[in-house]
Structure formats: C-alpha cells, structure tokens
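Okay, so here's the structure we're looking at.
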Amino acid sequence: MFGRGRAADTADAIERHIPALRRFAWALLRDGTAADDLVQDCLERALSRWHLRRAEGELRAWLFTILHNLFLNGRRGAGRRGEVVPVEGDTGEAFADEAAGTAAESLLVWRDALAGLAALPEEQRVVLLLVGVEDFSYEETARLLGVPLGTVMSRLSRGRARLHRLIEGEDAPARPALRRVK
C-alpha cells in the first residue's frame, strides 16, 4: 500500500496552523475579509516557497513570519494608496462565538480587551499577540519580527501595562472641555 503524497503531508502540516494564523491576522487588521485575504496570501506564499524552508526550522514560526511580513508590506502599500477603513460593525463576532457560552460580563471583558488591543501601537499589539495569544517565546518572537530580545521584552511590558490601563478605563482619551458661550 502506498503512503500519501508529499503534497498531502505539506497540506496537513500547514492546515493545523490556519486557525492561529487567522486569529493573528484578524487581530492585526480587525476586518474578517481582509484577515482571510492575508491568510490566503500567506498560505500561497508558503506553498510557492516551500522548497526554501529550512527543514530544521519550525513551520509555525515560518508561517507567522510570512504573514507578518505580508501585513507590513500591505501597510506600506496602503500608505501610498491611502487608508482603508474597516467595515462597520466588524467587532470580532467570529472569535466572540468561542465565548458565547460565558456570562454577559465575560463577553464585555472580551470586547473591552479587543478594543484595548486595537488601541495599542502596532508594535506593542503584535508582540502581545505573538507572546500572549499564540504562545511564542520571547526569543521566537524576536526572531520572527527581526528585532532584539530586549525590544520584545520592552514592547511586551509597555503593551501589557497600557492594555491594563485601557481596560480599566484609566487611559481613556481626554474629552474636550465644554465652554459656555456668553
């Protein structure tokens, strides 16, 4: 009996990482359609360059690096083309469905966390997602982003502190003072 082909093995190896790639892409873009497109581009790039992958390297880190680089390239391109406004009402229901069985308070905390995460600077948000959500080590995150380990630790520390302040309402944007017209 013949074993499955190399292409099927490659597809199986990549397929188990798709949910995490989509979660990361959605957190970066906050738009389900754009996230799906980014993941699709990532998978196409990975498959077309499969022969360039180092056998001893971790597939998961390689895929996340491709996705992050595509995201950065898209940002640079968007800067030249103008800003794309995300679709109104895309509040992450696809991911909030996982929390559907929880109490209403948990859902509110979930949404506050997503809103706080979206308010973070991109550098801090990316590091928080990779370390806190996708469980990459500090070293893996540094390699993936191409930055020193200390930079990852600093961004993570500042990002966590700022996210905490945002969720607690301590870092809300100041409201303009109302003036009385005479």
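For the structure tokens, the naming scheme is as follows: chains receive sequential letters (A, B, ...) according to their order of presentation, residues are indexed from 1 within each chain, and ligands are indexed from 1 in presentation order.
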### Message
List the spatial neighbours of Ala119 in chain A as number ranges by chain - criterion: any atom at most 10 Å away, only C-alpha atoms, same-chain residues fewer than 3 positions off excluded.
### Response
A: 113-116, 122, 125, 162-163, 166
Given the selection you just returned, output its residues as a file containing C-alpha atoms, formatted as an mmCIF file, in the first residue's frame.
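Writing done, so here's part.cif:
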```cif
data_model
loop_
_atom_site.group_PDB
_atom_site.id
_atom_site.type_symbol
_atom_site.label_atom_id
_atom_site.label_comp_id
_atom_site.auth_asym_id
_atom_site.auth_seq_id
_atom_site.Cartn_x
_atom_site.Cartn_y
_atom_site.Cartn_z
ATOM 1 C CA ALA A 113 -9.849 43.614 25.712
ATOM 2 C CA LEU A 114 -10.267 43.608 21.926
ATOM 3 C CA ALA A 115 -10.930 47.346 21.892
ATOM 4 C CA GLY A 116 -7.917 47.963 24.127
ATOM 5 C CA GLU A 122 1.066 48.254 16.287
ATOM 6 C CA ARG A 125 -0.042 44.798 19.745
ATOM 7 C CA ARG A 162 -1.089 50.128 28.540
ATOM 8 C CA LEU A 163 -3.661 47.403 27.828
ATOM 9 C CA LEU A 166 -7.147 50.870 28.771
#
```
### Message
Give me, as a ChimeraX atom specification, the residues of range 4-70 of chain A that a backbone DSSP run labels helix (DSSP H, G or I).
### Response
/A:6-15,18-29,32-48,50-52,59-70
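Near Phe136 in chain A, within a cut-off of 12 Å and counting only C-alpha atoms, sit the residues A:Ala20, A:Glu58, A:Arg60, A:Ala61, A:Trp62, A:Phe64, A:Thr65, A:Val126, A:Val127, A:Leu128, A:Leu129, A:Leu130, A:Val131, A:Thr141, A:Ala142, A:Arg143, A:Leu144, A:Leu145, A:Val152, with same-chain residues fewer than 5 positions away left out.
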### Query
Neighbours of range 38-44 of chain A within 9 Å (only C-alpha atoms; same-chain residues fewer than 3 positions away dropped), as number ranges by chain?
A: 14, 18, 21-22, 25, 33-35, 47-49, 63-64, 66-68, 70-71
### Task
Could you tell me which of A:Ile167, A:Leu59, A:Val109, A:Ala13 comes closest to Glu140 in chain A if we count only C-alpha atoms?
A:Leu59
